[in-house]
$ cat data-v3.cif   # mmCIF, C-alpha atoms
data_query
loop_
_atom_site.label_atom_id
_atom_site.label_comp_id
_atom_site.auth_asym_id
_atom_site.auth_seq_id
_atom_site.Cartn_x
_atom_site.Cartn_y
_atom_site.Cartn_z
CA MET G 1 90.49 80.69 86.71
CA GLY G 2 94.22 80.69 85.97
CA TYR G 3 96.42 83.67 85.22
CA GLY G 4 99.70 83.94 83.35
CA PRO G 5 101.87 81.23 81.82
CA ALA G 6 101.24 78.84 84.70
CA ALA G 7 97.59 78.43 83.72
CA GLY G 8 98.59 76.09 80.90
CA ARG G 9 100.89 74.09 83.18
CA GLY G 10 98.27 72.93 85.65
CA LEU G 11 98.73 75.69 88.26
CA GLN G 12 95.32 77.08 89.01
CA THR G 13 94.77 80.24 91.01
CA SER G 14 91.50 81.77 92.05
CA THR G 15 92.81 85.31 92.38
CA PRO G 16 95.44 87.34 90.58
CA VAL G 17 98.94 86.95 91.93
CA ARG G 18 99.87 89.71 94.38
CA GLY G 19 102.93 91.75 93.54
CA THR G 20 102.53 91.40 89.78
CA LEU G 21 101.36 93.78 87.11
CA ASN G 22 97.68 93.34 86.21
CA GLY G 23 97.57 89.90 87.83
CA ARG G 24 100.04 88.45 85.33
CA TRP G 25 103.26 86.74 86.23
CA ASP G 26 106.36 88.73 85.50
CA GLU G 27 108.88 86.82 83.43
CA GLY G 28 112.30 86.74 84.97
CA CYS G 29 114.93 84.73 86.73
CA LEU G 30 115.23 83.44 90.27
CA THR G 31 116.19 86.91 91.44
CA GLY G 32 113.19 88.45 89.69
CA PRO G 33 109.99 89.73 91.25
CA VAL G 34 108.83 88.90 94.73
CA ILE G 35 106.88 85.66 94.87
CA LEU G 36 103.75 86.12 96.95
CA GLY G 37 101.00 83.56 97.42
CA THR G 38 97.52 83.24 96.06
CA PHE G 39 95.94 81.05 98.72
CA ARG G 40 93.65 83.00 101.04
CA THR G 41 93.80 82.08 104.72
CA PRO G 42 92.25 83.89 107.69
CA GLU G 43 95.62 85.60 108.21
CA GLY G 44 96.03 86.58 104.53
CA PHE G 45 97.79 84.96 101.61
CA ALA G 46 100.10 81.95 101.97
CA VAL G 47 102.67 80.27 99.73
CA ILE G 48 103.02 76.50 99.78
CA LYS G 49 106.14 74.66 98.68
CA SER G 50 104.60 73.08 95.56
CA GLU G 51 103.43 76.50 94.33
CA LEU G 52 106.89 77.95 94.93
CA ILE G 53 108.35 75.11 92.85
CA ASP G 54 105.81 75.74 90.08
CA ARG G 55 106.59 79.45 90.01
CA ILE G 56 110.33 78.83 89.81
CA SER G 57 109.85 76.43 86.91
CA VAL G 58 107.58 78.94 85.12
CA GLN G 59 109.98 81.85 85.62
CA ASN G 60 112.90 79.69 84.43
CA PRO G 61 111.68 77.76 81.36
CA HIS G 62 115.11 76.14 80.93
CA LEU G 63 114.48 74.22 84.19
CA TYR G 64 112.25 71.18 84.38
CA ARG G 65 109.83 71.12 87.30
CA GLN G 66 111.80 68.18 88.82
CA ASP G 67 114.96 70.32 88.75
CA ALA G 68 113.20 73.24 90.43
CA GLU G 69 111.89 70.82 93.05
CA LYS G 70 115.42 69.50 93.71
CA ILE G 71 116.70 73.07 94.08
CA VAL G 72 114.00 74.05 96.57
CA ASN G 73 114.36 70.81 98.56
CA THR G 74 118.15 71.19 98.66
CA ILE G 75 117.92 74.77 99.92
CA PHE G 76 115.43 73.83 102.64
CA SER G 77 117.40 70.74 103.71
CA GLU G 78 120.68 72.70 103.89
CA ILE G 79 119.05 75.40 106.01
CA THR G 80 117.55 72.73 108.28
CA ALA G 81 120.83 70.82 108.58
CA ALA G 82 122.78 73.98 109.43
CA MET G 83 120.27 74.93 112.10
CA ALA G 84 120.34 71.39 113.51
CA ARG G 85 124.11 71.83 113.95
CA GLY G 86 123.41 75.09 115.77
CA ASP G 87 124.73 77.22 112.89
CA ARG G 88 123.29 80.53 111.83
CA VAL G 89 122.09 80.82 108.19
CA GLU G 90 122.31 84.34 106.79
CA LEU G 91 120.78 85.22 103.43
CA ARG G 92 121.70 88.85 102.73
CA GLY G 93 118.68 91.02 102.07
CA PHE G 94 116.29 88.23 103.04
CA GLY G 95 117.06 87.42 106.65
CA VAL G 96 118.73 85.18 109.18
CA PHE G 97 117.66 81.75 110.42
CA PHE G 98 119.07 80.75 113.81
CA VAL G 99 118.42 78.57 116.84
CA ARG G 100 117.96 79.78 120.37
CA PHE G 101 117.92 77.37 123.30
CA ARG G 102 115.41 77.70 126.11
CA GLU G 103 116.70 76.65 129.49
CA GLY G 104 115.06 73.80 131.32
CA ARG G 105 112.61 74.88 133.99
CA THR G 106 110.03 73.65 136.41
CA GLY G 107 106.49 74.06 135.15
CA ARG G 108 103.08 73.24 136.50
CA ASN G 109 100.50 70.82 135.15
CA PRO G 110 97.45 73.06 134.63
CA ARG G 111 94.99 70.25 135.36
CA THR G 112 96.48 68.85 138.56
CA GLY G 113 98.75 71.66 139.70
CA ALA G 114 101.63 69.21 140.12
CA LEU G 115 105.17 70.40 139.43
CA VAL G 116 106.60 69.11 136.14
CA SER G 117 110.16 69.27 134.85
CA VAL G 118 110.36 70.88 131.39
CA GLY G 119 113.61 70.11 129.55
CA THR G 120 115.82 72.37 127.46
CA LYS G 121 114.32 73.16 124.05
CA ALA G 122 115.79 74.35 120.76
CA VAL G 123 113.61 77.02 119.17
CA PRO G 124 114.05 77.94 115.48
CA LEU G 125 113.87 81.69 114.83
CA PHE G 126 113.91 83.97 111.80
CA ARG G 127 114.85 87.63 111.70
CA SER G 128 114.04 89.45 108.48
CA GLY G 129 116.73 91.44 106.69
CA LYS G 130 116.83 95.16 106.06
CA GLU G 131 115.83 94.87 102.38
CA MET G 132 112.88 92.60 103.17
CA LYS G 133 111.65 94.94 105.90
CA SER G 134 111.78 97.94 103.60
CA LEU G 135 110.00 96.01 100.82
CA LEU G 136 107.25 94.85 103.16
CA ASN G 137 106.85 98.35 104.58
CA SER G 138 106.59 99.85 101.09
CA TYR G 139 103.77 97.36 100.30
CA ALA G 140 102.09 98.04 103.65
CA HIS G 141 102.11 101.79 103.07
CA GLY G 142 100.54 101.21 99.65
CA SER G 143 97.81 99.06 101.26
CA ASP G 144 98.85 96.22 98.95
CA ILE G 145 99.31 93.76 101.80
CA ASP G 146 96.50 93.17 104.27
CA ALA G 147 97.84 89.91 105.65
CA GLY G 148 99.07 89.36 109.15
CA GLN G 149 98.41 92.83 110.48
CA HIS G 150 97.20 92.40 114.00
CA GLY G 151 96.55 95.44 116.12
#

$ encode --input "data-v3.cif" --output "structure tokens"
Amino acid sequence: MGYGPAAGRGLQTSTPVRGTLNGRWDEGCLTGPVILGTFRTPEGFAVIKSELIDRISVQNPHLYRQDAEKIVNTIFSEITAAMARGDRVELRGFGVFFVRFREGRTGRNPRTGALVSVGTKAVPLFRSGKEMKSLLNSYAHGSDIDAGQHG
């Protein structure tokens, strides 16, 4: 069963979209309502890239889906390229993407017990911004989000 304007565009959802009024998509621009997923996983709801692209094209009828896809792919590739250079990517209100390097160390093979050299690793990290934290906490206090809460 599909909900909202996306139902006629081939986007099918089995449950109403979280974060919208009465399960309908709010019309708006890219800075409009929070886009939350409709796919149920053991951890909660998840958004996949193709659904994000579909939602952007629905919320911005002046954009073709191909244009929305180029926008999303460009944003992701720019974030990835900046992190590969070791740069920090800061999106005010959303959060910060950055890379932290783990030092090389000597580990142990769990099967044989032999010492193994583990090289330096680059680890991608994300720290959520103040506005995102307050938004998520307001949803959590309203029991609107049940995903990812592990005791």

$ closest_residue --input "data-v3.cif" --among "G:Gly95, G:Lys121, G:Arg102, G:Ile71" --to "Asp54 (chain G)" --atoms "all atoms listed in the file"
G:Ile71

$ resolve_selection --input "data-v3.cif" --expression "the PyMOL selection byres ((chain G and resi 107) around 7)" --output "MDAnalysis selection string"
chainID G and resid 105:106 108:109 115:118

$ atom_distance --input "data-v3.cif" --atom1 "CA of Arg65 (chain G)" --atom2 "CA of Pro124 (chain G)"
29.3 Å

$ atom_distance --input "data-v3.cif" --atom1 "CA of Ala68 (chain G)" --atom2 "CA of Met83 (chain G)"
22.9 Å

$ resolve_selection --input "data-v3.cif" --expression "the PyMOL selection byres ((chain G and resi 89) around 10)" --output "list in words"
Glu78, Ile79, Thr80, Ala82, Met83, Gly86, Asp87, Arg88, Glu90, Leu91, Arg92, Gly95, Val96, Phe97, Phe98, Val99 and Phe126 of chain G

$ atom_distance --input "data-v3.cif" --atom1 "CA of Phe45 (chain G)" --atom2 "CA of Ala84 (chain G)"
28.9 Å

$ closest_residue --input "data-v3.cif" --among "G:Ala81, G:Phe94, G:Thr74, G:Leu63" --to "Glu131 (chain G)" --atoms "all atoms listed in the file"
G:Phe94
